[in-house]
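> Below are the C-alpha cells for one structure; questions will follow.
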Amino acid sequence: VLLAALGPLTPSAAEAATTQAFSTVVPRPATVTANPAVSYTVTASTPIYTWAGNAAAGAVGTYLAGILRPSTGFPLTVTTTSDANQSGGIALVLSGAPASVGANGYQLDVTAGGVVIRAQQPAGLFAGVQSLRQIMPPQIEARAVQAGPWVIPGGQMIDQPRYAYRAAMLDVARHFFTVDQVKRYIDQLALYKMNHLHLHLTDDQGWRIEIAGYPNLTGTGAGTSAGGWSGGYYTQAQFRDLVAYANSRYVTIVPEIDMPGHTNAALASHAPLNCDGVAPAPYTGTAVGFSSLCLTDPDTRPFVDEVIRQLAGMTTGPYLHIGGDEAHSTPHEQFLEFVTGAQQTVVKYGKTPVGWNEISASTLQPGAVLQYWNTPTSNASVAAAAAAGHGIIMSPANRAYIDLKHTATNVIGLTWAGITNVQRAYDWNPGATLENVPDSAIRGVEAALWTESVTSQQDVDYLAFPRLPALAELGWSPWSTHDWASFRTRLAAQGPRWDQMGIRYHHSTEIPWP
Ligand code: TNX
C-alpha cells in the first residue's frame, strides 16, 4: 500500500526521465557548446533565483517555477539575488550577458554548480527559460508528478533572435476559439520563442469582438461560423484578459479587423453598412471576395473609426491590422482611398497599421507594415514599399499557411496554395524570398492558421504541429544555422514533449520521431 502510494515518485526503468541532449533546442540557438562532462540535477532543494529589484525578472522566475513544480513535485522556492555569480540552483541574472544578445537574447550556462541564465532584459530571461525547458527531460512538461531524475546536460548557449517579429495568426472568425484555447496557443508560441499572436477577429462568417454601441455585431455577427458551427465572441474584458495573459508570456496581440472585404458578418449585423441598406443573411460557407463595406455610405467611416478606436483602447501592443485582402467586390479606387483612410485612423488612435499586401498600392502611412501572403516571388508594389522603408512580414501561403494540408491524404486542411509538408514549411529564407526586398526590410515571419476546415482545438494542434516550430525557427535562428537535417532531428525530440503536453500533432513521416 505504501509503495503504491509512493508510486509516481518511485522510478521504474520505464518511467525514469531520460536525459535530453543539450543541442536539441528549437529554434536552434545562435551558438551551442555542449559540455558532456558535466550536468546539473534539479532536486527537492534546488532554489530559483531571480534578479533583485526587477519585478518582471521575478515574474519570469515564478513562471519557470510554475512549469517545473507540477512534474517534479519540488518546492523550487523563488528568491531574489543580486549576486552576478549566483550558483547552486537556477539563477535568472540581469547582469553579465554579452552585448551581442541584445534586449531579447540570453546566455545559458549549465555547469555542475547549477544553471545560470543571463540577459540584459527580462524578455531575454524568458527566452532562456524556453531553452532550459527543452534541455530538461520531456517529462518535465507533464502536469502530474513524474519520476525524474531531472538531469540537465552541461553546456553553454549564447542566443538572440534574427527578426523582431515572430508570429502566428489564428483565424477565430471562421471558427471561434475560447479564451482558454487561445491562452493554450499563446503558451505554445512562447515555448518556441514566438512573440506576436495575430488574431483574425472578423470575417464573413463571424465577428468576434464586442464593440460598445453596436450590439448586433456580437448578436447576429458572432452567432455563426464556417460550416454552420456555433459562434462566439470575446467581451472587451475577455479580450483585455487575453492581451494581459499574452503580455505575461512576452507575446503581443495583433488584432485584425478585416476590411473592406471579408465583412459579411458586419454587413449582416448593421444594415446601414450596405449600399442598399439591406442586411444580408449571415454566411457560413467558405467563399471569399463577395462582401464589401459600402464605401460611399456616410455610415461606414464613423463605424470604422469607432471600431478602431475601441480596439486600439483594448490593445497594449503597437500594431493594429486592418486586413485589406481579397476585396474583389470593392471598386478599386474606393478600396485604395478606404485603406489609406483606415491606416490614418489607426495612426490617429496611436497604433501602427498593418495590412495584407494588397494595401501596398494605397498611400502607405509612415511606419505602416505589410504582410505578404501571396506566393509569387516578386511583387513590385511590395518592393517599392520596402524601398520606402516599410517593414514586411513574410507569410507566403505556400510556406507559412499552416492551414494547408500536410499531405494529400489529410482530411483537415486546404490545398489552394499546395500541400505543405514540414520541409516545405522550413526550407526557405524569409530574407531572400521576395525579389528586391532585402533582408533588412523583413520584420519577421508569421505562421497563419485559417480555420475554414478546422472545428476543434485538436484540429489546430494537428495543423500547427510540427509546422509552427518550423516557422518559429525561421523567425528566430540565424540563417547561418539553417539546416534541414539538424532541424528534423531536433524536431523529433519535441514529439515526447508534445505527448506530455497533450498536443495532438501530425506524426509526419519526414521526422525521425523517437
Ligand atoms: C486566403 S490569406 C485568405 C483567407 C483564407 C485563406 C485560406 C488572406 C489574406 N486571405 O481568407 O482563409 O486564404 O488559406
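The way I read the labels, and the way they are meant: chains A, B, ... in the order of the C-alpha cells, residue 1 as the first residue of every chain, and ligand 1 as the first ligand shown, with later ones counted on from there.
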List as a PyMOL selection string the protein and nucleic acid residues near region 275-288 of chain A, meaning an atom at most 7 Å away when only C-alpha atoms are counted, but skip any in the same chain fewer than 5 places from it.

chain A and resi 204-205+224-228+262+264-265+267-270+294+297+452

> Restrict the selected residues to N, CA and C atoms and save them as a PDB file, in the first residue's frame.


```pdb
ATOM      1  N   ASP A 204     -16.247  37.096 -43.023  1.00  0.00           N
ATOM      2  CA  ASP A 204     -17.621  36.909 -43.490  1.00  0.00           C
ATOM      3  C   ASP A 204     -18.435  36.058 -42.523  1.00  0.00           C
ATOM      4  N   GLN A 205     -17.785  35.064 -41.938  1.00  0.00           N
ATOM      5  CA  GLN A 205     -18.514  34.059 -41.162  1.00  0.00           C
ATOM      6  C   GLN A 205     -18.719  34.420 -39.700  1.00  0.00           C
ATOM      7  N   THR A 224     -22.493  32.921 -35.909  1.00  0.00           N
ATOM      8  CA  THR A 224     -22.213  31.880 -36.914  1.00  0.00           C
ATOM      9  C   THR A 224     -20.715  31.591 -37.034  1.00  0.00           C
ATOM     10  N   SER A 225     -20.423  30.497 -37.724  1.00  0.00           N
ATOM     11  CA  SER A 225     -19.056  30.096 -38.066  1.00  0.00           C
ATOM     12  C   SER A 225     -19.101  29.426 -39.433  1.00  0.00           C
ATOM     13  N   ALA A 226     -17.945  29.194 -40.009  1.00  0.00           N
ATOM     14  CA  ALA A 226     -17.910  28.417 -41.255  1.00  0.00           C
ATOM     15  C   ALA A 226     -18.451  27.014 -40.967  1.00  0.00           C
ATOM     16  N   GLY A 227     -19.219  26.499 -41.912  1.00  0.00           N
ATOM     17  CA  GLY A 227     -19.706  25.130 -41.764  1.00  0.00           C
ATOM     18  C   GLY A 227     -20.882  24.987 -40.823  1.00  0.00           C
ATOM     19  N   GLY A 228     -21.426  26.130 -40.353  1.00  0.00           N
ATOM     20  CA  GLY A 228     -22.622  26.068 -39.535  1.00  0.00           C
ATOM     21  C   GLY A 228     -22.384  25.708 -38.078  1.00  0.00           C
ATOM     22  N   HIS A 262     -14.345  40.713 -46.825  1.00  0.00           N
ATOM     23  CA  HIS A 262     -14.416  39.782 -45.683  1.00  0.00           C
ATOM     24  C   HIS A 262     -15.271  40.347 -44.550  1.00  0.00           C
ATOM     25  N   ASN A 264     -18.970  40.135 -44.359  1.00  0.00           N
ATOM     26  CA  ASN A 264     -20.403  39.790 -44.338  1.00  0.00           C
ATOM     27  C   ASN A 264     -20.982  39.797 -42.925  1.00  0.00           C
ATOM     28  N   ALA A 265     -20.217  39.368 -41.941  1.00  0.00           N
ATOM     29  CA  ALA A 265     -20.771  39.326 -40.574  1.00  0.00           C
ATOM     30  C   ALA A 265     -21.140  40.728 -40.095  1.00  0.00           C
ATOM     31  N   LEU A 267     -21.836  43.289 -42.171  1.00  0.00           N
ATOM     32  CA  LEU A 267     -22.933  43.727 -43.037  1.00  0.00           C
ATOM     33  C   LEU A 267     -24.263  43.128 -42.588  1.00  0.00           C
ATOM     34  N   ALA A 268     -24.216  41.870 -42.123  1.00  0.00           N
ATOM     35  CA  ALA A 268     -25.437  41.191 -41.674  1.00  0.00           C
ATOM     36  C   ALA A 268     -25.927  41.768 -40.352  1.00  0.00           C
ATOM     37  N   SER A 269     -25.010  42.398 -39.604  1.00  0.00           N
ATOM     38  CA  SER A 269     -25.340  42.900 -38.266  1.00  0.00           C
ATOM     39  C   SER A 269     -25.838  44.336 -38.292  1.00  0.00           C
ATOM     40  N   HIS A 270     -25.398  45.093 -39.301  1.00  0.00           N
ATOM     41  CA  HIS A 270     -25.642  46.531 -39.282  1.00  0.00           C
ATOM     42  C   HIS A 270     -26.010  46.986 -40.705  1.00  0.00           C
ATOM     43  N   CYS A 294     -19.943  49.259 -47.740  1.00  0.00           N
ATOM     44  CA  CYS A 294     -20.307  50.250 -48.752  1.00  0.00           C
ATOM     45  C   CYS A 294     -19.493  51.517 -48.488  1.00  0.00           C
ATOM     46  N   ASP A 297     -21.144  55.090 -48.469  1.00  0.00           N
ATOM     47  CA  ASP A 297     -22.192  55.308 -47.479  1.00  0.00           C
ATOM     48  C   ASP A 297     -21.660  56.146 -46.324  1.00  0.00           C
ATOM     49  N   GLU A 452     -11.184  27.572 -41.932  1.00  0.00           N
ATOM     50  CA  GLU A 452     -12.343  27.080 -42.683  1.00  0.00           C
ATOM     51  C   GLU A 452     -12.547  25.580 -42.507  1.00  0.00           C
TER      52      GLU A 452
END
```

> Identify, with DSSP run on backbone atoms, the residues in region 347-384 of chain A assigned to helix (DSSP H, G or I), and express the list as a list in words.

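Answer for region 347-384 of chain A restricted to helix (DSSP H, G or I) is Val347, Lys348, Asn357, Glu358, Ile359, Ser360, Ala361, Ala380, Ser381, Val382, Ala383 and Ala384 of chain A.
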
> When distances are computed from only C-alpha atoms and all ligand atoms, which of A:Ala472, A:Ile419, A:Ala425, A:Ala387 shows the smallest separation from ligand 1?

A:Ile419

> So which residues are near ligand 1, meaning at most 10 Å away with only C-alpha atoms and all ligand atoms counted, given back as a count of residues only?

46

> Env of Gly350 (chain A): 12 Å cut, atoms = only C-alpha atoms, seq-sep filter 3 positions within chain, self excluded. Answer as a list of chain:residue names.

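Contacts, with the query itself left out: A:Ile308, A:Arg309, A:Gln310, A:Leu311, A:Ala312, A:Gly313, A:Met314, A:Thr315, A:Thr316, A:Gly317, A:Pro318, A:Tyr319, A:Leu320, A:Gln343, A:Gln344, A:Thr345, A:Val346, A:Val347, A:Pro353, A:Gly367.
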
> Which residues are near Gln500 (chain A)? Cut-off 9 Å, only C-alpha atoms, ignore same chain within fewer than 4 positions. Put them as a VMD selection string.

chain A and resid 138 to 143 495 to 496

> What would the file look like if the residues just selected were written as a PDB file, in the first residue's frame with N, CA and C atoms?


```pdb
ATOM      1  N   PRO A 138      11.679  15.305 -21.272  1.00  0.00           N
ATOM      2  CA  PRO A 138      10.331  15.649 -21.753  1.00  0.00           C
ATOM      3  C   PRO A 138       9.267  15.572 -20.654  1.00  0.00           C
ATOM      4  N   GLN A 139       9.492  14.688 -19.682  1.00  0.00           N
ATOM      5  CA  GLN A 139       8.506  14.523 -18.601  1.00  0.00           C
ATOM      6  C   GLN A 139       8.342  15.791 -17.779  1.00  0.00           C
ATOM      7  N   ILE A 140       9.266  16.742 -17.941  1.00  0.00           N
ATOM      8  CA  ILE A 140       9.136  17.992 -17.195  1.00  0.00           C
ATOM      9  C   ILE A 140       7.839  18.707 -17.588  1.00  0.00           C
ATOM     10  N   GLU A 141       7.330  18.415 -18.780  1.00  0.00           N
ATOM     11  CA  GLU A 141       6.119  19.091 -19.260  1.00  0.00           C
ATOM     12  C   GLU A 141       4.839  18.436 -18.752  1.00  0.00           C
ATOM     13  N   ALA A 142       4.960  17.308 -18.041  1.00  0.00           N
ATOM     14  CA  ALA A 142       3.756  16.660 -17.506  1.00  0.00           C
ATOM     15  C   ALA A 142       3.165  17.536 -16.401  1.00  0.00           C
ATOM     16  N   ARG A 143       1.872  17.398 -16.173  1.00  0.00           N
ATOM     17  CA  ARG A 143       1.240  18.204 -15.126  1.00  0.00           C
ATOM     18  C   ARG A 143       0.946  17.388 -13.874  1.00  0.00           C
ATOM     19  N   GLY A 495       8.666  15.711 -30.017  1.00  0.00           N
ATOM     20  CA  GLY A 495       7.477  14.844 -30.006  1.00  0.00           C
ATOM     21  C   GLY A 495       7.096  14.367 -28.605  1.00  0.00           C
ATOM     22  N   PRO A 496       8.043  13.809 -27.841  1.00  0.00           N
ATOM     23  CA  PRO A 496       7.702  13.350 -26.489  1.00  0.00           C
ATOM     24  C   PRO A 496       7.221  14.492 -25.576  1.00  0.00           C
TER      25      PRO A 496
END
```

> Looking at only C-alpha atoms, which of A:Pro430, A:Pro466, A:Pro512, A:Gly444 is the one that sits closest to Ala167 (chain A)?

A:Gly444

> Counting only C-alpha atoms, which of A:Ala30, A:Ile322, A:Val460, A:Ala147 gets nearest to Ser100 (chain A)?

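Once distances to Ser100 (chain A) are computed over only C-alpha atoms, the minimum belongs to A:Ala30.
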
> Please, which residues of region 287-393 of chain A, numbered as in this document, come out strand (DSSP E or B) from DSSP, as a ChimeraX atom specification?

/A:319-323,352-356,369-372,392-393

> Write to file, as a compact mmCIF listing (two decimals), in the first residue's frame, the residues of the selection just made, with N, CA and C atoms.


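Written out: selection-v4.txt:
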```txt
# COMPACT_ATOMS: atom_id res chain seq x y z
N TYR A 319 0.66 47.34 -32.74
CA TYR A 319 0.07 47.10 -34.06
C TYR A 319 -1.45 46.94 -34.04
N LEU A 320 -2.07 47.40 -35.13
CA LEU A 320 -3.48 47.11 -35.39
C LEU A 320 -3.60 46.81 -36.88
N HIS A 321 -4.13 45.62 -37.18
CA HIS A 321 -4.17 45.09 -38.55
C HIS A 321 -5.52 45.42 -39.16
N ILE A 322 -5.50 46.03 -40.34
CA ILE A 322 -6.76 46.44 -40.99
C ILE A 322 -7.17 45.50 -42.12
N GLY A 323 -6.47 44.38 -42.29
CA GLY A 323 -6.87 43.42 -43.33
C GLY A 323 -6.56 43.97 -44.71
N THR A 352 0.25 51.39 -34.95
CA THR A 352 0.93 51.22 -36.24
C THR A 352 0.07 50.33 -37.12
N PRO A 353 -0.32 50.81 -38.31
CA PRO A 353 -1.16 49.96 -39.16
C PRO A 353 -0.38 48.81 -39.81
N VAL A 354 -1.04 47.65 -39.84
CA VAL A 354 -0.54 46.51 -40.60
C VAL A 354 -1.66 46.14 -41.58
N GLY A 355 -1.29 45.72 -42.78
CA GLY A 355 -2.30 45.26 -43.73
C GLY A 355 -1.75 44.15 -44.59
N TRP A 356 -2.64 43.35 -45.15
CA TRP A 356 -2.21 42.34 -46.12
C TRP A 356 -1.62 43.05 -47.33
N VAL A 369 3.09 48.63 -41.94
CA VAL A 369 3.75 47.35 -42.19
C VAL A 369 2.87 46.51 -43.11
N LEU A 370 3.51 45.81 -44.04
CA LEU A 370 2.77 44.95 -44.98
C LEU A 370 3.00 43.49 -44.63
N GLN A 371 1.95 42.71 -44.75
CA GLN A 371 2.06 41.27 -44.54
C GLN A 371 1.89 40.59 -45.90
N TYR A 372 2.98 39.98 -46.36
CA TYR A 372 2.99 39.36 -47.69
C TYR A 372 2.48 37.92 -47.59
N ILE A 392 8.19 44.51 -43.78
CA ILE A 392 7.43 43.45 -44.43
C ILE A 392 7.43 42.22 -43.52
N ILE A 393 6.23 41.69 -43.28
CA ILE A 393 6.08 40.43 -42.55
C ILE A 393 5.87 39.34 -43.60
```

> In Å, how far is it from CA of Gly223 (chain A) to CA of Ala342 (chain A)?

26.2 Å

> Have a look at A:Leu76, A:Val422, A:Val38, A:Ala56 and name the one nearest to Val110 (chain A); count only C-alpha atoms.

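Checking each candidate against Val110 (chain A), we get A:Val38 as the closest.
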
> Quick one: which region 190-285 of chain A residues come within 12 Å of region 149-164 of chain A, and what is the nearest atom pair for each with the distance in Å to one decimal, counting only C-alpha atoms, rows ordered by chain and ascending number, as JSON lines?


```
{"residue": "A:Tyr192", "atom": "CA", "partner": "A:Pro161", "partner_atom": "CA", "distance": 11.5}
{"residue": "A:Lys193", "atom": "CA", "partner": "A:Pro161", "partner_atom": "CA", "distance": 8.8}
{"residue": "A:Met194", "atom": "CA", "partner": "A:Ala164", "partner_atom": "CA", "distance": 9.5}
{"residue": "A:Asn195", "atom": "CA", "partner": "A:Ala164", "partner_atom": "CA", "distance": 8.3}
{"residue": "A:His196", "atom": "CA", "partner": "A:Ala164", "partner_atom": "CA", "distance": 9.6}
{"residue": "A:Val251", "atom": "CA", "partner": "A:Ala164", "partner_atom": "CA", "distance": 11.7}
{"residue": "A:Thr252", "atom": "CA", "partner": "A:Ala164", "partner_atom": "CA", "distance": 11.5}
```

> Could you please take those selected residues and save C-alpha atoms as a CSV table (one decimal), in the first residue's frame?


```
chain,number,residue,atom,x,y,z
A,192,TYR,CA,9.1,28.3,-29.5
A,193,LYS,CA,10.1,32.0,-28.8
A,194,MET,CA,7.3,33.4,-30.9
A,195,ASN,CA,6.4,36.9,-29.6
A,196,HIS,CA,3.3,38.0,-31.5
A,251,VAL,CA,3.6,37.8,-26.7
A,252,THR,CA,2.0,40.9,-28.2
```

> Work out how far CA of Gly105 (chain A) is from CA of Met394 (chain A), in Å to one decimal.

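That distance, rounded to one decimal, is 21.9 Å.
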
> Ranking A:Thr263, A:Thr363, A:Gln458, A:Thr340 by minimum distance to His328 (chain A) and counting only C-alpha atoms, which one comes first?

A:Thr263

> Which one of A:Gly391, A:Pro260, A:Pro255, A:Pro366 sits closest to Gln334 (chain A) if you count only C-alpha atoms?

A:Pro260

> Just to confirm, what's the straight-line distance from CA of Ala470 (chain A) to CA of Arg488 (chain A) in Å (one decimal)?

9.3 Å

> Counting only C-alpha atoms, what are the residues of region 111-198 of chain A within 12 Å of region 51-54 of chain A, and for each of them which pair of atoms is the nearest and at what distance in Å, to one decimal? Sort the table by chain and rising number, as a Markdown table.


```
| residue | atom | partner | partner_atom | distance |
| --- | --- | --- | --- | --- |
| A:Val116 | CA | A:Trp51 | CA | 11.4 |
| A:Ile117 | CA | A:Trp51 | CA | 10.7 |
| A:Arg118 | CA | A:Trp51 | CA | 9.9 |
| A:Ala119 | CA | A:Trp51 | CA | 10.5 |
| A:Gln120 | CA | A:Trp51 | CA | 11.1 |
| A:Gln121 | CA | A:Asn54 | CA | 9.7 |
| A:Pro122 | CA | A:Asn54 | CA | 8.4 |
| A:Leu125 | CA | A:Trp51 | CA | 10.2 |
```

> What's around Thr296 (chain A) at 10 Å? Count only C-alpha atoms, leave out sequence neighbours fewer than 4 positions away in its own chain, and write the answer as a list in words.

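Answer for this query is Leu273, Asn274, Cys275, Thr300, Arg301, Gln334 and Phe338 of chain A.
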
> Next, write the just-selected residues to a file, as a PDB file, in the first residue's frame, keeping C-alpha atoms as the atom set.


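Result saved to out-v9.pdb:
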```
ATOM      1  CA  LEU A 273     -23.124  49.448 -43.876  1.00  0.00           C
ATOM      2  CA  ASN A 274     -24.768  48.078 -47.053  1.00  0.00           C
ATOM      3  CA  CYS A 275     -25.219  50.276 -50.142  1.00  0.00           C
ATOM      4  CA  THR A 300     -19.285  53.446 -42.931  1.00  0.00           C
ATOM      5  CA  ARG A 301     -16.472  55.809 -41.877  1.00  0.00           C
ATOM      6  CA  GLN A 334     -12.611  53.287 -53.454  1.00  0.00           C
ATOM      7  CA  PHE A 338     -10.551  53.478 -47.895  1.00  0.00           C
TER       8      PHE A 338
END
```
